[in-house]
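With compact mmCIF, C-alpha atoms inside, this is target06.txt:
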```
# COMPACT_ATOMS: atom_id res chain seq x y z
CA MET A 9 -18.48 -18.25 -6.11
CA ARG A 10 -21.79 -16.36 -6.00
CA PRO A 11 -21.62 -12.51 -5.97
CA GLY A 12 -23.32 -12.47 -2.58
CA SER A 13 -20.68 -14.81 -1.20
CA ARG A 14 -17.89 -12.56 -2.44
CA ARG A 15 -19.54 -9.51 -0.83
CA GLY A 16 -19.96 -11.42 2.39
CA MET A 17 -16.31 -12.48 2.38
CA ALA A 18 -15.15 -8.91 1.66
CA ALA A 19 -17.28 -7.61 4.52
CA ALA A 20 -15.86 -10.22 6.84
CA VAL A 21 -12.29 -9.33 5.88
CA SER A 22 -13.01 -5.60 6.36
CA ALA A 23 -14.55 -6.24 9.76
CA ALA A 24 -11.58 -8.38 10.76
CA THR A 25 -9.17 -5.65 9.64
CA ILE A 26 -10.94 -2.96 11.64
CA ALA A 27 -11.17 -5.17 14.71
CA ALA A 28 -7.48 -6.01 14.46
CA LEU A 29 -6.46 -2.36 14.23
CA LEU A 30 -8.61 -1.33 17.19
CA THR A 31 -7.34 -4.10 19.43
CA PHE A 32 -3.65 -3.98 18.52
CA GLY A 33 -2.75 -1.88 21.55
CA ALA A 34 -3.97 -4.60 23.87
CA GLN A 35 -2.30 -7.50 22.10
CA GLN A 36 0.68 -9.33 23.48
CA ALA A 37 4.09 -8.71 21.92
CA ILE A 38 4.42 -10.35 18.52
CA ALA A 39 8.16 -11.00 18.58
CA GLU A 40 10.11 -13.12 21.00
CA PRO A 41 10.45 -10.99 24.15
CA SER A 42 14.04 -12.17 24.61
CA PHE A 43 15.16 -10.26 21.53
CA TYR A 44 14.23 -6.97 23.20
CA ASP A 45 16.20 -7.62 26.40
CA PRO A 46 19.63 -5.97 26.03
CA PRO A 47 22.72 -7.73 27.38
CA SER A 48 23.96 -6.34 30.67
CA PRO A 49 26.38 -4.73 30.55
CA LEU A 50 26.15 -3.54 26.97
CA PRO A 51 28.99 -4.78 24.78
CA ALA A 52 31.70 -2.25 24.10
CA GLY A 53 31.22 -0.22 20.99
CA ALA A 54 30.15 3.06 19.44
CA PRO A 55 26.76 4.61 18.72
CA GLY A 56 25.17 2.74 15.83
CA ASP A 57 26.97 -0.54 16.43
CA ILE A 58 24.80 -3.63 16.06
CA ILE A 59 24.19 -5.59 19.26
CA ARG A 60 22.02 -8.31 17.69
CA HIS A 61 19.79 -8.90 14.70
CA GLU A 62 17.40 -11.48 13.27
CA PRO A 63 15.26 -11.91 10.13
CA SER A 64 11.83 -10.33 10.28
CA THR A 65 8.90 -9.46 8.01
CA PHE A 66 6.93 -6.41 6.95
CA TYR A 67 3.27 -6.75 6.04
CA VAL A 68 1.52 -3.63 4.80
CA ASP A 69 -1.93 -4.79 5.96
CA PRO A 70 -3.24 -6.51 9.12
CA VAL A 71 -4.73 -9.42 7.16
CA LYS A 72 -1.19 -10.09 5.87
CA LEU A 73 -2.20 -10.15 2.24
CA VAL A 74 0.51 -7.69 1.14
CA LYS A 75 4.10 -8.51 2.06
CA ALA A 76 6.73 -5.93 1.23
CA ASP A 77 9.19 -7.00 -1.46
CA ALA A 78 12.17 -6.40 0.78
CA ASP A 79 14.71 -8.18 2.93
CA VAL A 80 13.86 -7.37 6.53
CA GLN A 81 16.04 -7.50 9.64
CA ARG A 82 15.03 -6.68 13.20
CA ILE A 83 17.99 -5.03 14.94
CA MET A 84 19.21 -3.93 18.34
CA TYR A 85 21.86 -1.21 18.25
CA ARG A 86 23.76 1.13 20.54
CA SER A 87 22.53 4.69 20.90
CA THR A 88 22.73 7.53 23.43
CA ASP A 89 20.04 8.82 25.76
CA THR A 90 19.27 12.44 26.59
CA HIS A 91 21.96 12.50 29.28
CA GLY A 92 24.73 11.10 27.07
CA LYS A 93 24.56 7.57 28.46
CA ALA A 94 24.81 4.57 26.14
CA ASN A 95 21.60 2.59 25.70
CA ALA A 96 20.18 -0.14 23.48
CA VAL A 97 17.48 0.63 20.94
CA THR A 98 15.68 -1.72 18.57
CA GLY A 99 14.35 -1.17 15.08
CA THR A 100 13.83 -2.63 11.60
CA VAL A 101 16.04 -2.45 8.51
CA LEU A 102 14.36 -2.93 5.12
CA THR A 103 16.25 -3.41 1.88
CA PRO A 104 14.33 -3.54 -1.43
CA LYS A 105 14.95 -6.74 -3.34
CA LYS A 106 15.04 -4.92 -6.65
CA ALA A 107 18.29 -3.34 -7.77
CA TRP A 108 18.84 0.37 -7.27
CA THR A 109 18.67 2.13 -10.64
CA GLY A 110 19.04 5.73 -9.54
CA ALA A 111 22.13 7.90 -9.52
CA GLY A 112 24.99 6.91 -7.24
CA GLN A 113 24.57 4.50 -4.34
CA ARG A 114 21.28 3.31 -2.92
CA PRO A 115 20.07 5.91 -0.39
CA VAL A 116 19.07 5.04 3.17
CA ILE A 117 16.21 6.79 4.91
CA GLY A 118 15.99 6.90 8.68
CA TYR A 119 12.23 6.79 9.15
CA ALA A 120 10.84 8.06 12.44
CA ALA A 121 7.39 6.70 13.21
CA GLY A 122 4.56 8.84 14.53
CA THR A 123 2.90 8.27 17.88
CA GLN A 124 2.75 4.56 18.68
CA GLY A 125 2.24 4.75 22.45
CA VAL A 126 4.58 3.93 25.32
CA GLY A 127 3.75 0.30 26.10
CA ASP A 128 6.41 -2.16 24.93
CA GLN A 129 3.86 -3.94 22.73
CA CYS A 130 3.57 -0.73 20.68
CA ALA A 131 7.08 -0.86 19.16
CA PRO A 132 7.08 -0.24 15.38
CA SER A 133 9.23 -3.35 14.80
CA LYS A 134 6.41 -5.45 16.28
CA ALA A 135 3.71 -3.59 14.37
CA LEU A 136 5.55 -3.91 11.04
CA SER A 137 5.87 -7.68 11.33
CA ALA A 138 2.19 -7.99 12.31
CA GLY A 139 0.88 -5.76 9.50
CA MET A 140 -0.35 -3.28 12.11
CA GLU A 141 1.86 -0.25 11.44
CA TYR A 142 -0.46 2.55 10.33
CA GLU A 143 2.43 4.27 8.54
CA GLY A 144 3.12 1.09 6.59
CA PRO A 145 1.84 2.51 3.27
CA PHE A 146 4.29 5.43 3.40
CA ILE A 147 7.18 3.12 4.31
CA ALA A 148 6.14 0.80 1.46
CA GLY A 149 6.20 3.80 -0.88
CA LEU A 150 9.80 4.52 0.09
CA LEU A 151 10.74 0.92 -0.64
CA LEU A 152 9.02 1.04 -4.04
CA ARG A 153 11.29 3.96 -4.90
CA GLY A 154 14.30 1.78 -4.19
CA TYR A 155 15.43 3.34 -0.92
CA GLY A 156 16.78 1.36 1.98
CA VAL A 157 14.71 2.19 5.06
CA VAL A 158 15.44 1.82 8.75
CA VAL A 159 12.67 2.41 11.29
CA THR A 160 13.74 3.02 14.87
CA ASP A 161 11.68 1.88 17.83
CA TYR A 162 13.08 4.79 19.87
CA GLU A 163 14.40 4.49 23.42
CA GLY A 164 12.34 2.27 25.74
CA LEU A 165 9.75 1.18 23.17
CA GLY A 166 10.02 -2.60 23.21
CA THR A 167 13.20 -2.50 25.27
CA PRO A 168 13.24 -2.15 29.09
CA GLY A 169 12.52 1.24 30.60
CA VAL A 170 10.02 3.93 29.70
CA HIS A 171 9.78 5.24 26.14
CA THR A 172 11.06 8.83 26.06
CA TYR A 173 8.19 10.10 23.93
CA VAL A 174 8.89 13.45 22.15
CA ASN A 175 12.24 13.78 23.92
CA ARG A 176 14.30 15.79 21.44
CA VAL A 177 17.79 14.41 22.05
CA ALA A 178 16.87 10.77 22.75
CA GLU A 179 14.73 10.54 19.60
CA GLY A 180 17.15 12.43 17.36
CA ASN A 181 20.03 10.22 18.48
CA ALA A 182 17.96 7.07 17.96
CA VAL A 183 17.17 8.09 14.36
CA LEU A 184 20.77 8.93 13.47
CA ASP A 185 22.12 5.79 15.11
CA SER A 186 19.55 3.66 13.30
CA ILE A 187 21.02 4.89 10.01
CA ARG A 188 24.51 4.05 11.22
CA ALA A 189 23.28 0.60 12.25
CA ALA A 190 21.67 -0.04 8.86
CA GLN A 191 24.90 0.92 7.11
CA ARG A 192 26.94 -1.38 9.37
CA LEU A 193 24.70 -4.43 9.12
CA PRO A 194 26.21 -6.79 6.48
CA GLU A 195 22.91 -8.64 5.99
CA ALA A 196 21.22 -5.38 4.92
CA ASN A 197 23.61 -4.99 1.96
CA LEU A 198 23.34 -1.20 2.11
CA PRO A 199 26.15 1.28 1.31
CA ASP A 200 28.21 2.16 4.37
CA GLY A 201 28.83 5.70 3.20
CA GLY A 202 26.05 6.54 0.78
CA PRO A 203 23.47 9.33 0.81
CA VAL A 204 20.92 9.39 3.64
CA ALA A 205 17.86 11.33 4.71
CA THR A 206 15.48 11.43 7.65
CA ALA A 207 11.71 11.49 7.45
CA GLY A 208 8.72 11.44 9.75
CA TYR A 209 5.37 12.95 10.66
CA SER A 210 3.96 14.09 14.02
CA GLN A 211 6.13 12.53 16.75
CA GLY A 212 8.20 11.24 13.84
CA GLY A 213 8.35 14.73 12.35
CA GLY A 214 9.80 15.98 15.60
CA ALA A 215 12.32 13.13 15.68
CA SER A 216 13.33 13.75 12.06
CA ALA A 217 13.71 17.48 12.71
CA ALA A 218 15.69 16.86 15.89
CA ALA A 219 17.95 14.41 14.07
CA SER A 220 18.68 17.02 11.42
CA GLU A 221 19.60 19.55 14.10
CA LEU A 222 21.85 17.06 15.91
CA GLN A 223 23.54 15.54 12.85
CA PRO A 224 26.38 18.10 12.44
CA SER A 225 27.68 17.43 15.95
CA TYR A 226 26.45 13.91 16.70
CA ALA A 227 26.85 12.12 13.36
CA PRO A 228 28.89 14.37 11.05
CA GLU A 229 30.05 11.41 8.94
CA LEU A 230 26.54 10.76 7.64
CA LYS A 231 25.94 12.21 4.18
CA LEU A 232 22.63 13.81 5.07
CA LYS A 233 20.91 15.10 1.94
CA GLY A 234 17.70 16.31 3.53
CA SER A 235 15.05 15.87 6.18
CA TYR A 236 11.29 15.71 5.74
CA ALA A 237 9.46 16.73 8.91
CA GLY A 238 5.67 16.82 8.94
CA ALA A 239 3.46 18.42 11.63
CA VAL A 240 6.36 18.86 14.03
CA PRO A 241 5.50 19.18 17.75
CA ALA A 242 8.31 21.71 18.08
CA ASP A 243 7.03 23.46 21.20
CA LEU A 244 5.61 20.99 23.71
CA SER A 245 4.09 23.72 25.84
CA GLU A 246 1.89 24.84 22.94
CA VAL A 247 1.00 21.29 21.97
CA GLY A 248 0.12 20.49 25.59
CA LYS A 249 -2.25 23.44 25.85
CA ASN A 250 -3.99 22.35 22.66
CA ILE A 251 -4.66 18.74 23.65
CA ASP A 252 -5.70 19.28 27.27
CA GLY A 253 -9.38 18.28 27.25
CA HIS A 254 -8.98 17.02 23.67
CA TYR A 255 -9.76 13.59 22.21
CA ALA A 256 -5.96 13.12 21.99
CA PHE A 257 -5.44 13.89 25.70
CA GLY A 258 -3.71 10.52 26.07
CA PHE A 259 -0.77 11.95 24.09
CA LEU A 260 -0.29 14.47 26.90
CA GLY A 261 -0.22 11.49 29.23
CA PHE A 262 2.51 9.90 27.11
CA THR A 263 4.51 13.13 27.40
CA LEU A 264 4.19 13.29 31.17
CA VAL A 265 5.34 9.70 31.53
CA SER A 266 8.28 10.40 29.22
CA MET A 267 9.36 13.57 31.02
CA ASP A 268 9.17 11.88 34.40
CA ALA A 269 11.32 8.98 33.16
CA ALA A 270 13.97 11.19 31.54
CA TYR A 271 14.04 13.67 34.42
CA PRO A 272 13.13 11.87 37.69
CA GLU A 273 13.69 15.04 39.69
CA LEU A 274 10.44 16.41 38.22
CA ASN A 275 8.51 13.82 40.27
CA ILE A 276 5.35 14.47 38.26
CA PRO A 277 3.19 12.00 40.26
CA ALA A 278 3.69 14.25 43.31
CA VAL A 279 1.38 16.90 41.81
CA LEU A 280 -1.33 14.38 40.86
CA ASN A 281 -4.33 13.34 42.90
CA ALA A 282 -5.38 9.69 43.20
CA LYS A 283 -7.27 9.82 39.90
CA GLY A 284 -4.28 11.41 38.22
CA VAL A 285 -1.84 8.80 39.54
CA GLU A 286 -4.16 6.06 38.31
CA ALA A 287 -4.26 7.58 34.81
CA PHE A 288 -0.49 8.12 34.86
CA GLU A 289 0.19 4.47 35.65
CA LYS A 290 -2.41 3.25 33.15
CA VAL A 291 -1.06 5.22 30.22
CA LYS A 292 2.40 3.65 30.69
CA GLN A 293 1.00 0.42 29.25
CA GLU A 294 -0.99 1.90 26.38
CA CYS A 295 -0.68 2.28 22.62
CA THR A 296 -2.21 5.06 20.55
CA VAL A 297 -5.69 3.58 20.14
CA ASP A 298 -5.89 2.66 23.83
CA ALA A 299 -4.96 6.20 24.84
CA ILE A 300 -7.46 7.85 22.54
CA PHE A 301 -10.38 5.70 23.64
CA GLY A 302 -9.33 5.53 27.28
CA HIS A 303 -8.61 9.20 27.99
CA ALA A 304 -10.53 11.23 25.39
CA PHE A 305 -11.62 14.69 26.53
CA THR A 306 -10.01 14.38 29.96
CA GLN A 307 -9.21 17.73 31.55
CA SER A 308 -5.95 17.73 33.46
CA LYS A 309 -7.29 20.06 36.16
CA ASN A 310 -9.30 17.09 37.39
CA LEU A 311 -6.09 15.07 37.84
CA THR A 312 -4.03 17.47 40.00
CA LYS A 313 -4.04 17.96 43.75
CA ASP A 314 -4.50 21.73 43.55
CA GLY A 315 -7.03 21.72 40.69
CA ARG A 316 -4.76 23.60 38.29
CA PRO A 317 -4.31 22.23 34.77
CA LEU A 318 -1.00 20.52 34.18
CA THR A 319 -0.14 23.09 31.53
CA ALA A 320 -0.12 25.77 34.28
CA TYR A 321 2.99 24.15 35.72
CA LEU A 322 4.95 24.70 32.52
CA ALA A 323 5.78 28.29 33.46
CA GLU A 324 7.27 27.13 36.76
CA GLU A 325 10.55 25.48 37.62
CA PRO A 326 11.76 22.81 37.34
CA TYR A 327 9.25 22.03 34.58
CA LYS A 328 9.88 25.16 32.53
CA THR A 329 13.56 24.39 31.92
CA ARG A 330 13.07 20.73 31.06
CA VAL A 331 10.22 21.41 28.66
CA GLY A 332 12.22 24.24 27.13
CA GLU A 333 15.05 21.80 26.40
CA GLN A 334 12.73 19.95 24.03
CA LEU A 335 12.23 23.01 21.80
CA ILE A 336 13.01 22.30 18.15
CA GLY A 337 14.10 25.23 16.01
CA ALA A 338 16.84 26.65 18.22
CA ARG A 339 19.58 24.89 16.21
CA LYS A 340 20.36 24.98 12.50
CA PRO A 341 19.58 21.69 10.73
CA GLY A 342 22.42 19.90 8.99
CA ALA A 343 20.68 19.67 5.61
CA PRO A 344 17.80 21.18 3.62
CA THR A 345 14.42 20.51 5.20
CA LEU A 346 10.87 20.10 3.97
CA VAL A 347 8.28 21.01 6.60
CA VAL A 348 4.65 20.22 5.80
CA HIS A 349 1.89 21.28 8.19
CA SER A 350 -1.84 21.70 7.79
CA ALA A 351 -3.27 24.99 8.97
CA LEU A 352 -6.28 22.91 10.07
CA ASP A 353 -4.27 20.43 12.16
CA ASP A 354 -6.38 19.60 15.22
CA ILE A 355 -3.61 18.08 17.37
CA VAL A 356 -0.26 19.78 16.65
CA PRO A 357 -0.79 23.57 16.36
CA TYR A 358 0.19 24.96 12.99
CA GLU A 359 1.60 28.25 14.26
CA GLN A 360 4.27 26.69 16.47
CA GLY A 361 5.41 24.60 13.49
CA ARG A 362 5.71 27.71 11.35
CA THR A 363 7.65 29.44 14.12
CA MET A 364 10.15 26.55 14.09
CA ALA A 365 10.63 26.83 10.34
CA ARG A 366 11.09 30.62 10.56
CA SER A 367 13.68 30.13 13.27
CA TRP A 368 15.60 27.79 11.01
CA CYS A 369 15.44 30.35 8.22
CA ALA A 370 16.87 33.02 10.52
CA LYS A 371 19.84 30.72 11.11
CA GLY A 372 20.54 30.44 7.40
CA ALA A 373 19.00 27.03 6.79
CA LYS A 374 17.43 25.98 3.49
CA VAL A 375 13.76 25.42 4.37
CA GLN A 376 10.75 24.61 2.21
CA PHE A 377 7.67 25.24 4.34
CA SER A 378 4.45 23.90 2.85
CA THR A 379 1.04 24.81 4.21
CA SER A 380 -1.89 22.54 3.46
CA LEU A 381 -5.58 23.10 4.19
CA VAL A 382 -6.60 19.51 4.76
CA PRO A 383 -8.67 19.09 7.95
CA THR A 384 -7.29 17.13 10.91
CA HIS A 385 -3.86 15.86 11.86
CA VAL A 386 -4.41 12.52 10.10
CA GLY A 387 -5.64 14.22 6.93
CA GLY A 388 -2.53 16.38 6.89
CA ALA A 389 -0.33 13.28 6.97
CA ILE A 390 -2.02 11.73 3.93
CA ARG A 391 -1.88 15.02 2.05
CA ALA A 392 1.87 15.28 2.73
CA PHE A 393 2.76 11.86 1.25
CA PRO A 394 3.21 12.80 -2.44
CA GLU A 395 5.01 16.05 -1.61
CA ALA A 396 7.45 14.26 0.68
CA PHE A 397 8.13 11.55 -1.93
CA ALA A 398 8.84 14.12 -4.65
CA TRP A 399 11.05 16.23 -2.40
CA LEU A 400 13.16 13.27 -1.29
CA GLU A 401 13.56 12.16 -4.91
CA GLY A 402 14.95 15.59 -5.72
CA ARG A 403 17.52 15.41 -2.93
CA PHE A 404 18.79 12.00 -3.99
CA ALA A 405 18.86 13.03 -7.64
CA GLY A 406 21.24 15.85 -6.71
CA LEU A 407 18.83 18.63 -7.63
CA PRO A 408 19.31 21.91 -5.75
CA ALA A 409 16.94 22.29 -2.82
CA VAL A 410 14.61 25.27 -3.17
CA GLY A 411 13.60 27.14 -0.05
CA ASN A 412 10.84 29.67 0.55
CA CYS A 413 12.18 31.51 3.59
CA GLY A 414 10.63 34.95 3.88
CA LEU A 415 7.44 33.82 2.14
CA PHE A 416 5.62 32.14 5.00
```
Please express what this file holds, its structure, as structure tokens.
Amino acid sequence: MRPGSRRGMAAAVSAATIAALLTFGAQQAIAEPSFYDPPSPLPAGAPGDIIRHEPSTFYVDPVKLVKADADVQRIMYRSTDTHGKANAVTGTVLTPKKAWTGAGQRPVIGYAAGTQGVGDQCAPSKALSAGMEYEGPFIAGLLLRGYGVVVTDYEGLGTPGVHTYVNRVAEGNAVLDSIRAAQRLPEANLPDGGPVATAGYSQGGGASAAASELQPSYAPELKLKGSYAGAVPADLSEVGKNIDGHYAFGFLGFTLVSMDAAYPELNIPAVLNAKGVEAFEKVKQECTVDAIFGHAFTQSKNLTKDGRPLTAYLAEEPYKTRVGEQLIGARKPGAPTLVVHSALDDIVPYEQGRTMARSWCAKGAKVQFSTSLVPTHVGGAIRAFPEAFAWLEGRFAGLPAVGNCGLF
């Protein structure tokens, strides 16, 4: 093949990759829709019990050139929503094909994905099988280290109902129950009582942190060795103020849709004008890329009936109480935690993340808080990869966790 032909082919593949990533949010669901429809009523059981499962795949890239060397199962399992009601959540269990050579039993990591969107087509289990999951490289890195990994789709993402985006209890429960499900799935061939950890960045960082806080009471049988939580949106009121009028304004839209679904008494559409209601309904069907391109730099004051920004309502009831219930940092985590946050994060404010970590310290938790100076939210995620890998390796190797409370 002539050099020019090879360059032309490479350019074509690159263009196809970029086009695929940008249009993923608008694609139809990859998996059979019937898999994501829970039986009604749900079968009797306990949180973490498997409802159904089927073989799946995990491609690291959208061209499907790199297939993870792992056995993959798509699962539906029982969990619990923010009000204590049983629900069905889907996800993906990945077991490395190579033997575990570390100390003790093969660990299992409950991985919480970052912002995917709220449309059912955005579910991580669908993105993983299509090679579209932007956190695929980090998940692949966990597999290369020999860990079993389970990635939850969260409540309402893929399954019927609205995804409860950044809802502390619903997401924390979904992460913990995904670990239980992975341990109980015979086809996964993972230890049913081995060491576990949680990990995630951004929305996933919040879910991982929430899971660690909930574990002592909700899943005390899990042998939680640690939780990595990057760029945690611990205080939604502060995050909301930061992204109003921002290129990531669509994430605020995701939050409003989530809050309205979890707490119908808020009746958020009632404060919106016609333009606001239109945006509210539109964002329900969108994934991350759709929301960024479709709502960038929107100012919420232009969406309300009284012309006040939506963040102004947060100091008023009933919104104040419900948003306050999402605060992360008010409960001691069940294991040592690594919190990584860039001081130059442009989406999730650094200071509210540090406040969360300090609150944990005050409660006697073992916390390693790491500040990076990499610009942007995305840059902070990439910078955190090697630190998170090394920290998790230490926990599974039985090394004592080192904290730096009082030094940040």
Could you name the residues that touch Gly361 in chain A at 8 Å or less, counting only C-alpha atoms, but leaving out those on the same chain fewer than 6 positions away, as JSON, numbers by chain? {"A": [239, 240, 241, 242, 243, 349]}
From the options A:Glu401, A:Asp252, A:Glu333, A:Glu273, which residue's atoms come nearest to Ile355 in chain A, counting all atoms listed in the file?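 With all atoms listed in the file as the atom set, the closest residue is A:Asp252.
With only C-alpha atoms as the atoms that count, the residue of A:Trp108, A:Leu102, A:Phe404, A:Leu280 with the shortest distance to Lys309 in chain A is A:Leu280.
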So, counting all atoms listed in the file, which residue among A:Ser308, A:Asn281, A:Gln223, A:Ser266 is closest to Arg339 in chain A?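 For Arg339 in chain A, the nearest of the given residues is A:Gln223.
For the set A:Asp57, A:Asp77, A:Glu163, A:Asp353, the residue with the smallest atom-to-atom gap to Tyr44 in chain A is A:Glu163, counting all atoms listed in the file.
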For a test of reading the model, state the distance in Å between CA of Gly166 in chain A and CA of Gly99 in chain A, rounded to one decimal.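 Between CA of Gly166 in chain A and CA of Gly99 in chain A the gap works out to 9.3 Å.
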I need every residue sitting at most 9 Å from the point (13.0, -1.6, -8.8) (coordinates as in the file, all atoms listed in the file considered), written as a compact mmCIF listing (two decimals) with C-alpha atoms, in the frame of the given file.
```txt
# COMPACT_ATOMS: atom_id res chain seq x y z
CA PRO A 104 14.33 -3.54 -1.43
CA LYS A 105 14.95 -6.74 -3.34
CA LYS A 106 15.04 -4.92 -6.65
CA ALA A 107 18.29 -3.34 -7.77
CA TRP A 108 18.84 0.37 -7.27
CA THR A 109 18.67 2.13 -10.64
CA LEU A 151 10.74 0.92 -0.64
CA LEU A 152 9.02 1.04 -4.04
CA ARG A 153 11.29 3.96 -4.90
CA GLY A 154 14.30 1.78 -4.19
```
Selected residue, from A:Val265, A:Ala323, A:Ala217, A:Cys130, that lies nearest to Glu246 in chain A when counting only C-alpha atoms: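 Going through A:Val265, A:Ala323, A:Ala217, A:Cys130 one by one, the smallest distance to Glu246 in chain A is for A:Ala323.
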Give the answer as one residue: which of A:Leu184, A:Ile147, A:Val382, A:Met140 has the shortest atom-to-atom distance to Tyr162 in chain A, using only C-alpha atoms? A:Leu184
Supply range 356-367 of chain A as a short mmCIF file (atom, residue, chain, number, x, y, z; two decimals), in the frame of the given file, with N, CA, C and O atoms built in where the input has gaps.
```cif
data_model
loop_
_atom_site.label_atom_id
_atom_site.label_comp_id
_atom_site.auth_asym_id
_atom_site.auth_seq_id
_atom_site.Cartn_x
_atom_site.Cartn_y
_atom_site.Cartn_z
N VAL A 356 -1.51 19.02 16.55
CA VAL A 356 -0.26 19.78 16.65
C VAL A 356 -0.49 21.17 16.05
O VAL A 356 -0.70 21.29 14.84
N PRO A 357 -0.47 22.23 16.86
CA PRO A 357 -0.79 23.57 16.36
C PRO A 357 0.10 24.00 15.21
O PRO A 357 1.33 23.87 15.27
N TYR A 358 -0.53 24.52 14.19
CA TYR A 358 0.19 24.96 12.99
C TYR A 358 1.17 26.08 13.28
O TYR A 358 2.31 26.07 12.79
N GLU A 359 0.78 27.05 14.08
CA GLU A 359 1.60 28.25 14.26
C GLU A 359 2.95 27.94 14.90
O GLU A 359 3.97 28.52 14.52
N GLN A 360 2.98 27.01 15.86
CA GLN A 360 4.27 26.69 16.47
C GLN A 360 5.18 25.95 15.49
O GLN A 360 6.41 26.08 15.56
N GLY A 361 4.61 25.23 14.53
CA GLY A 361 5.41 24.60 13.49
C GLY A 361 6.01 25.63 12.55
O GLY A 361 7.17 25.53 12.14
N ARG A 362 5.21 26.64 12.21
CA ARG A 362 5.71 27.71 11.35
C ARG A 362 6.80 28.51 12.06
O ARG A 362 7.79 28.92 11.44
N THR A 363 6.63 28.73 13.35
CA THR A 363 7.65 29.44 14.12
C THR A 363 8.98 28.69 14.08
O THR A 363 10.05 29.30 13.94
N MET A 364 8.93 27.36 14.20
CA MET A 364 10.15 26.55 14.09
C MET A 364 10.83 26.77 12.75
O MET A 364 12.05 27.00 12.67
N ALA A 365 10.06 26.69 11.68
CA ALA A 365 10.63 26.83 10.34
C ALA A 365 11.23 28.23 10.14
O ALA A 365 12.30 28.39 9.54
N ARG A 366 10.55 29.26 10.65
CA ARG A 366 11.09 30.62 10.56
C ARG A 366 12.38 30.76 11.34
O ARG A 366 13.32 31.47 10.92
N SER A 367 12.46 30.09 12.48
CA SER A 367 13.68 30.13 13.27
C SER A 367 14.84 29.50 12.51
O SER A 367 15.97 30.02 12.53
#
```
